[in-house]
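Asker: Handing over query24.cif, mmCIF, C-alpha atoms.
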data_data
loop_
_atom_site.label_atom_id
_atom_site.label_comp_id
_atom_site.auth_asym_id
_atom_site.auth_seq_id
_atom_site.Cartn_x
_atom_site.Cartn_y
_atom_site.Cartn_z
CA MET H 1 13.00 19.29 12.26
CA ALA H 2 11.18 21.33 9.70
CA THR H 3 8.05 19.91 8.19
CA ASP H 4 6.73 20.14 4.68
CA GLU H 5 3.46 19.74 2.88
CA GLY H 6 3.81 15.94 2.61
CA GLU H 7 4.21 15.52 6.35
CA THR H 8 1.19 17.72 6.99
CA THR H 9 -0.86 15.64 4.60
CA ALA H 10 0.27 12.42 6.26
CA SER H 11 -0.68 13.81 9.67
CA GLU H 12 -4.09 14.87 8.44
CA THR H 13 -4.66 11.42 6.95
CA ALA H 14 -3.73 9.77 10.23
CA ARG H 15 -6.24 11.92 12.09
CA THR H 16 -9.04 11.03 9.69
CA VAL H 17 -8.55 7.27 10.02
CA GLN H 18 -10.38 6.88 13.28
CA GLY H 19 -10.52 3.68 15.27
CA PHE H 20 -7.08 2.39 14.31
CA MET H 21 -4.93 1.19 17.17
CA ALA H 22 -1.47 2.77 17.13
CA LEU H 23 1.21 0.62 15.55
CA PRO H 24 3.41 -0.73 18.38
CA GLY H 25 7.13 -0.03 18.45
CA PRO H 26 9.57 -2.51 16.93
CA VAL H 27 9.90 -5.82 18.74
CA GLU H 28 13.68 -5.77 18.32
CA GLY H 29 15.74 -2.69 19.10
CA ARG H 30 17.76 -1.54 16.09
CA ARG H 31 18.73 2.01 17.02
CA GLU H 32 22.43 1.20 17.25
CA VAL H 33 22.47 -0.30 13.75
CA PHE H 34 20.38 2.60 12.51
CA ALA H 35 22.86 5.10 13.93
CA GLY H 36 25.55 3.36 11.88
CA CYS H 37 23.38 3.65 8.77
CA VAL H 38 22.91 7.36 9.40
CA ALA H 39 26.66 7.79 9.86
CA GLU H 40 27.11 6.29 6.38
CA VAL H 41 24.52 8.69 4.95
CA VAL H 42 26.42 11.59 6.50
CA ARG H 43 29.73 10.32 5.11
CA VAL H 44 28.58 9.41 1.61
CA LEU H 45 26.53 12.58 1.08
CA GLY H 46 29.07 14.82 2.83
CA LEU H 47 26.45 16.33 5.13
CA ASP H 48 27.43 19.12 7.49
CA VAL H 49 27.03 17.31 10.79
CA VAL H 50 29.33 15.76 13.39
CA HIS H 51 30.02 12.23 12.18
CA ARG H 52 29.63 10.42 15.48
CA PRO H 53 26.88 10.63 18.10
CA GLN H 54 27.74 11.83 21.55
CA PRO H 55 28.00 8.99 24.13
CA GLY H 56 24.61 8.19 25.59
CA ASP H 57 22.72 10.58 23.33
CA PRO H 58 22.52 9.13 19.79
CA ARG H 59 19.01 10.45 19.13
CA THR H 60 20.12 14.09 19.22
CA TRP H 61 22.85 13.32 16.71
CA VAL H 62 20.45 11.40 14.45
CA ASN H 63 18.03 14.33 14.53
CA GLN H 64 20.87 16.65 13.55
CA ALA H 65 21.66 14.35 10.63
CA ARG H 66 18.01 14.29 9.56
CA THR H 67 17.93 18.08 9.61
CA ALA H 68 21.16 18.32 7.59
CA LEU H 69 19.74 15.93 4.98
CA TYR H 70 16.47 17.83 4.85
CA LYS H 71 18.33 21.10 4.18
CA ALA H 72 20.60 19.49 1.58
CA CYS H 73 17.55 18.27 -0.36
CA ARG H 74 16.32 21.87 -0.63
CA ARG H 75 19.55 22.81 -2.44
CA ASP H 76 21.21 21.28 -5.48
CA LEU H 77 22.04 17.77 -4.31
CA ILE H 78 23.85 15.36 -6.62
CA LEU H 79 23.67 11.76 -5.39
CA SER H 80 26.36 9.26 -6.26
CA GLU H 81 25.60 5.64 -7.09
CA GLU H 82 26.91 4.65 -3.65
CA SER H 83 24.33 6.88 -2.00
CA PHE H 84 21.40 4.86 -3.35
CA GLU H 85 21.85 1.76 -1.22
CA THR H 86 23.07 3.92 1.68
CA LEU H 87 19.81 5.87 1.74
CA ILE H 88 17.62 2.79 1.24
CA LYS H 89 19.36 0.93 4.07
CA ALA H 90 18.90 3.89 6.42
CA ALA H 91 15.18 4.03 5.53
CA VAL H 92 14.83 0.28 6.16
CA TYR H 93 16.58 0.41 9.53
CA ASP H 94 14.92 3.61 10.72
CA PRO H 95 12.77 2.55 13.70
CA ASP H 96 10.43 5.51 13.20
CA PRO H 97 7.88 4.87 10.40
CA SER H 98 7.01 8.57 10.36
CA PHE H 99 10.52 9.82 9.59
CA ASN H 100 12.06 7.08 7.45
CA ARG H 101 10.68 8.98 4.44
CA HIS H 102 13.49 11.53 4.80
CA PHE H 103 15.95 8.89 3.64
CA LEU H 104 13.65 7.36 1.04
CA GLU H 105 12.48 10.54 -0.67
CA PRO H 106 15.87 11.72 -1.99
CA ALA H 107 16.43 8.26 -3.49
CA LEU H 108 12.98 8.37 -5.11
CA ASN H 109 13.65 11.70 -6.76
CA ALA H 110 17.19 10.93 -7.90
CA PHE H 111 16.91 7.28 -8.92
CA GLY H 112 13.22 6.74 -9.66
CA ARG H 113 10.29 4.97 -8.07
CA GLY H 114 10.84 1.67 -9.88
CA ARG H 115 14.37 1.23 -8.60
CA VAL H 116 13.46 2.21 -5.04
CA GLN H 117 10.49 -0.14 -4.92
CA ALA H 118 12.51 -2.97 -6.45
CA SER H 119 15.16 -2.49 -3.75
CA LEU H 120 12.55 -2.61 -0.97
CA LEU H 121 11.09 -5.73 -2.57
CA GLY H 122 14.55 -7.29 -2.42
CA TYR H 123 14.73 -6.62 1.32
CA LEU H 124 11.28 -8.16 1.80
CA ARG H 125 12.25 -11.27 -0.13
CA ALA H 126 15.77 -11.91 1.14
CA GLY H 127 16.44 -9.66 4.14
CA THR H 128 16.53 -10.48 7.82
CA ASP H 129 13.28 -10.22 9.73
CA VAL H 130 14.33 -6.79 10.97
CA GLU H 131 14.95 -5.73 7.36
CA ARG H 132 11.65 -7.20 6.17
CA ALA H 133 9.76 -5.24 8.81
CA GLY H 134 11.69 -2.07 7.97
CA ALA H 135 11.09 -2.49 4.24
CA ALA H 136 7.35 -2.76 4.90
CA ASN H 137 7.51 0.51 6.85
CA ALA H 138 9.45 2.23 4.07
CA TRP H 139 7.17 0.90 1.31
CA TYR H 140 4.38 3.17 2.53
CA TRP H 141 6.41 6.22 1.44
CA SER H 142 7.49 4.81 -1.92
CA ALA H 143 4.31 6.19 -3.51
CA LEU H 144 5.18 9.80 -2.64
CA PRO H 145 5.00 12.29 -5.52
CA LEU H 146 8.39 13.41 -6.85
CA ARG H 147 8.77 16.97 -5.58
CA MET H 148 12.51 17.45 -5.24
CA PRO H 149 13.68 18.68 -8.66
CA THR H 150 17.04 19.79 -7.21
CA VAL H 151 17.91 16.23 -6.10
CA ARG H 152 19.50 14.35 -8.99
CA ALA H 153 21.62 11.29 -9.65
CA GLU H 154 25.25 11.84 -10.55
CA HIS H 155 24.90 9.48 -13.52
CA PRO H 156 21.22 9.74 -14.53
CA ALA H 157 21.30 7.41 -17.55
CA GLY H 158 18.86 4.57 -16.91
CA THR H 159 17.71 5.98 -13.57
CA GLY H 160 15.48 8.69 -12.28
CA PRO H 161 11.84 9.61 -12.77
CA ALA H 162 12.04 9.30 -16.57
CA GLU H 163 12.61 5.53 -16.50
CA PRO H 164 9.93 3.21 -17.98
CA ASP H 165 6.82 2.94 -15.87
CA ASP H 166 7.08 -0.60 -14.55
CA ALA H 167 5.63 0.36 -11.17
CA PRO H 168 2.43 -1.73 -11.55
CA THR H 169 4.51 -4.91 -11.99
CA VAL H 170 6.69 -4.16 -8.96
CA VAL H 171 3.64 -3.29 -6.86
CA ALA H 172 1.91 -6.56 -7.80
CA GLU H 173 5.08 -8.47 -6.90
CA TRP H 174 5.28 -6.62 -3.59
CA TYR H 175 1.70 -7.48 -2.64
CA GLU H 176 2.13 -11.16 -3.53
CA THR H 177 5.43 -11.37 -1.63
CA ALA H 178 4.00 -9.51 1.36
CA LEU H 179 0.96 -11.79 1.43
CA ARG H 180 3.12 -14.91 1.39
CA GLU H 181 5.47 -13.46 4.01
CA PHE H 182 2.59 -12.59 6.33
CA VAL H 183 1.28 -16.14 6.13
CA ILE H 184 4.53 -18.07 6.52
CA ASN H 185 6.63 -15.75 8.71
CA GLU H 186 5.63 -15.87 12.36
CA HIS H 187 7.91 -12.99 13.41
CA LEU H 188 5.64 -10.56 15.27
CA ASP H 189 7.16 -7.34 13.99
CA VAL H 190 7.16 -8.55 10.38
CA ARG H 191 3.44 -9.30 10.60
CA ARG H 192 2.68 -6.01 12.36
CA ARG H 193 4.51 -3.96 9.72
CA ILE H 194 3.21 -5.80 6.67
CA LEU H 195 -0.45 -5.88 7.66
CA PRO H 196 -1.39 -2.16 7.41
CA GLY H 197 -0.34 -2.00 3.75
CA LEU H 198 -1.60 -5.44 2.74
CA PRO H 199 -4.80 -5.64 0.66
CA LEU H 200 -7.03 -8.36 2.05
CA ARG H 201 -9.53 -8.37 -0.82
CA LYS H 202 -9.44 -11.38 -3.11
CA SER H 203 -10.06 -9.05 -6.03
CA ALA H 204 -6.58 -7.60 -5.48
CA TYR H 205 -4.92 -10.92 -6.37
CA PRO H 206 -5.05 -13.57 -9.10
CA PRO H 207 -7.26 -16.60 -8.33
CA GLU H 208 -4.31 -18.82 -7.39
CA LEU H 209 -3.62 -16.56 -4.38
CA HIS H 210 -7.17 -16.42 -3.01
CA ASP H 211 -6.54 -19.27 -0.56
CA LEU H 212 -3.58 -17.30 0.80
CA VAL H 213 -5.85 -14.31 1.38
CA ASP H 214 -8.19 -16.53 3.40
CA ALA H 215 -5.22 -17.88 5.34
CA ALA H 216 -3.91 -14.38 6.09
CA VAL H 217 -7.28 -13.23 7.40
CA ALA H 218 -7.65 -16.35 9.55
CA ILE H 219 -4.15 -15.92 10.99
CA ALA H 220 -4.76 -12.25 11.77
CA ARG H 221 -8.15 -12.80 13.38
CA SER H 222 -6.86 -15.53 15.69
CA HIS H 223 -3.48 -13.96 16.38
CA PRO H 224 -2.49 -13.45 20.05
CA ASP H 225 -1.33 -9.89 19.28
CA GLU H 226 -4.09 -7.36 19.95
CA TYR H 227 -2.89 -4.91 17.30
CA ILE H 228 -3.03 -7.54 14.54
CA ARG H 229 -6.50 -8.72 15.59
CA HIS H 230 -7.73 -5.12 15.72
CA ARG H 231 -6.17 -4.07 12.43
CA VAL H 232 -7.44 -6.93 10.28
CA GLU H 233 -11.07 -6.05 10.91
CA HIS H 234 -10.50 -2.68 9.21
CA GLN H 235 -9.00 -4.31 6.13
CA VAL H 236 -11.12 -7.35 5.32
CA GLY H 237 -12.69 -7.03 1.89
CA ASP H 238 -14.77 -9.18 -0.38
#
For the structure just supplied, provide its representation as structure tokens.
Answerer:
Amino acid sequence: MATDEGETTASETARTVQGFMALPGPVEGRREVFAGCVAEVVRVLGLDVVHRPQPGDPRTWVNQARTALYKACRRDLILSEESFETLIKAAVYDPDPSFNRHFLEPALNAFGRGRVQASLLGYLRAGTDVERAGAANAWYWSALPLRMPTVRAEHPAGTGPAEPDDAPTVVAEWYETALREFVINEHLDVRRRILPGLPLRKSAYPPELHDLVDAAVAIARSHPDEYIRHRVEHQVGD
């Protein structure tokens, strides 16, 4: 798989954040469902790749699909309305938090940051635990700069990068929802995936949520999972 400037930057950032324990793999396997999501991406976008994985070797096929999508995004790529949810679902179900961006980024460029972030927020609020964890993984990439001018929506009216800038509202809603979810949802993978992107400074929230911040920190510090206990100490603020 070819790399680009964004991936290099992400790798450099990861190297500079020293002392962080590696994020463990997903608690629940979802590769089979993910392969189905990728098959839909291939079908809806008409990518030049065999539509079904070879028996016993789905990863090779998925990597071929990733490569085909990567190449398509470097040409003129017109995305239908159907492709929006198809790409978002693939990003949410992708078990690899380093590569789910390849499904999210075309949607960002064609349909706009606000719509993408609102869709991820919907998964966090109403999805299954697997979807909540996947949405938290994908959220990290939703702040990427828009650098694919050749990727456009088929019907751009009301979508795309030119839409009103309501990102601060969506981001605030995401943080509040993520904070509440971390406190009330005991699913291990949900907590692992939410925590790295969750501000734990009271100044990041309105006063009525400060008790929830205290609760989140207390839960993380006493959690039986080593990764969660380790991670929280790097994030505690004022």
Asker: Which residue out of H:Pro97, H:Gly114, H:Ala107, H:Ala143 has the minimum interatomic distance to H:Leu23 when all atoms listed in the file are used?
Answerer: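 Among H:Pro97, H:Gly114, H:Ala107, H:Ala143, it is H:Pro97 that comes nearest to H:Leu23.
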Asker: Is it possible to get the residues within 9 Å of (-12.1, -7.9, -1.2) (coordinates as in the file, counting all atoms listed in the file) written as a list in words?
Answerer: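 It turns out the residues near that spot are Pro199, Leu200, Arg201, Lys202, Ser203, Ala204, Gln235, Val236, Gly237 and Asp238 of chain H.
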Asker: Go ahead and dump the residues you just picked, C-alpha atoms, as a PDB file, in the frame of the given file.
Answerer:
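What follows is the written file out.pdb:
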ATOM      1  CA  PRO H 199      -4.800  -5.640   0.660  1.00  0.00           C
ATOM      2  CA  LEU H 200      -7.030  -8.360   2.050  1.00  0.00           C
ATOM      3  CA  ARG H 201      -9.530  -8.370  -0.820  1.00  0.00           C
ATOM      4  CA  LYS H 202      -9.440 -11.380  -3.110  1.00  0.00           C
ATOM      5  CA  SER H 203     -10.060  -9.050  -6.030  1.00  0.00           C
ATOM      6  CA  ALA H 204      -6.580  -7.600  -5.480  1.00  0.00           C
ATOM      7  CA  GLN H 235      -9.000  -4.310   6.130  1.00  0.00           C
ATOM      8  CA  VAL H 236     -11.120  -7.350   5.320  1.00  0.00           C
ATOM      9  CA  GLY H 237     -12.690  -7.030   1.890  1.00  0.00           C
ATOM     10  CA  ASP H 238     -14.770  -9.180  -0.380  1.00  0.00           C
TER      11      ASP H 238
END
Asker: Counting all atoms listed in the file, find the residues whose atoms lie at most 12 Å from (13.3, -8.0, -0.6) (file coordinates) and write them out as a count of residues only.
Answerer: 34
Asker: With distances taken over all atoms listed in the file, which residue among H:Ala35, H:Leu179, H:Ala215, H:Ala22 lies nearest H:Val62?
Answerer: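 Nearest candidate to H:Val62 out of H:Ala35, H:Leu179, H:Ala215, H:Ala22: H:Ala35.
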Asker: With only C-alpha atoms as the atoms that count, which of H:Leu195, H:Arg113, H:Glu186, H:Cys37 lies nearest to H:Val171?
Answerer: H:Arg113
Asker: Which residues fall under the PyMOL selection byres ((chain H and resi 63) around 12) in this file, as a tab-separated table (two decimals) with C-alpha atoms, in the coordinates of the input?
Answerer:
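Output saved as selection.tsv:
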chain	number	residue	atom	x	y	z
H	1	MET	CA	13.00	19.29	12.26
H	2	ALA	CA	11.18	21.33	9.70
H	35	ALA	CA	22.86	5.10	13.93
H	38	VAL	CA	22.91	7.36	9.40
H	39	ALA	CA	26.66	7.79	9.86
H	42	VAL	CA	26.42	11.59	6.50
H	49	VAL	CA	27.03	17.31	10.79
H	50	VAL	CA	29.33	15.76	13.39
H	53	PRO	CA	26.88	10.63	18.10
H	57	ASP	CA	22.72	10.58	23.33
H	58	PRO	CA	22.52	9.13	19.79
H	59	ARG	CA	19.01	10.45	19.13
H	60	THR	CA	20.12	14.09	19.22
H	61	TRP	CA	22.85	13.32	16.71
H	62	VAL	CA	20.45	11.40	14.45
H	64	GLN	CA	20.87	16.65	13.55
H	65	ALA	CA	21.66	14.35	10.63
H	66	ARG	CA	18.01	14.29	9.56
H	67	THR	CA	17.93	18.08	9.61
H	68	ALA	CA	21.16	18.32	7.59
H	69	LEU	CA	19.74	15.93	4.98
H	70	TYR	CA	16.47	17.83	4.85
H	94	ASP	CA	14.92	3.61	10.72
H	96	ASP	CA	10.43	5.51	13.20
H	99	PHE	CA	10.52	9.82	9.59
H	100	ASN	CA	12.06	7.08	7.45
H	102	HIS	CA	13.49	11.53	4.80
Asker: How far is it from atom CA of H:Asp225 to atom CA of H:Arg193, in Å with one decimal?
Answerer: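 So the answer is 12.7 Å.
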Asker: Could you work out how far atom CA of H:Arg74 lies from atom CA of H:Thr150, giving the answer in Å with one decimal?
Answerer: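 We find that atom CA of H:Thr150 and atom CA of H:Arg74 lie 6.9 Å from each other.
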Asker: Would you compute the distance between atom CA of H:Asn137 and atom CA of H:Met21? Give it in Å to one decimal.
Answerer: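 For atom CA of H:Asn137 relative to atom CA of H:Met21, the distance reads 16.2 Å.
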Asker: Could you give me, as a list of chain:residue names, the residues within 8 Å of H:Val183, counting all atoms listed in the file and dropping anything in the same chain fewer than 5 positions from it?
Answerer: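 Answer for this query is H:Leu212, H:Ala215, H:Ala216, H:Ile219.
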Asker: At a cut-off of 9 Å, using only C-alpha atoms, what residues contact H:Leu45? Leave out same-chain residues fewer than 3 positions from it and give the result as a compact mmCIF listing (two decimals) with C-alpha atoms, in the frame of the given file.
Answerer:
# COMPACT_ATOMS: atom_id res chain seq x y z
CA GLU H 40 27.11 6.29 6.38
CA VAL H 41 24.52 8.69 4.95
CA VAL H 42 26.42 11.59 6.50
CA LEU H 69 19.74 15.93 4.98
CA LEU H 77 22.04 17.77 -4.31
CA ILE H 78 23.85 15.36 -6.62
CA LEU H 79 23.67 11.76 -5.39
CA SER H 80 26.36 9.26 -6.26
CA SER H 83 24.33 6.88 -2.00
Asker: Which residue out of H:Arg180, H:Thr86, H:Pro26, H:Glu105 has the minimum interatomic distance to H:Asp211 when only C-alpha atoms are used?
Answerer: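 Looking at the shortest contact to H:Asp211, the residue is H:Arg180.
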Asker: Provide an axis-aligned box for all listed atoms of stretch 139-158 of chain H, padding each side by 8 Å; report its centre and its edge lengths in Å to one decimal, as AutoDock Vina command-line options.
Answerer:
--center_x 14.8 --center_y 10.3 --center_z -7.5 --size_x 36.9 --size_y 34.9 --size_z 36.1
Asker: Which of these, H:Ala72, H:Ala91, H:Ile194, H:Val213, has the shortest distance to H:Trp141 once you count all atoms listed in the file?
Answerer: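 Distance minimum relative to H:Trp141 lands on H:Ala91.
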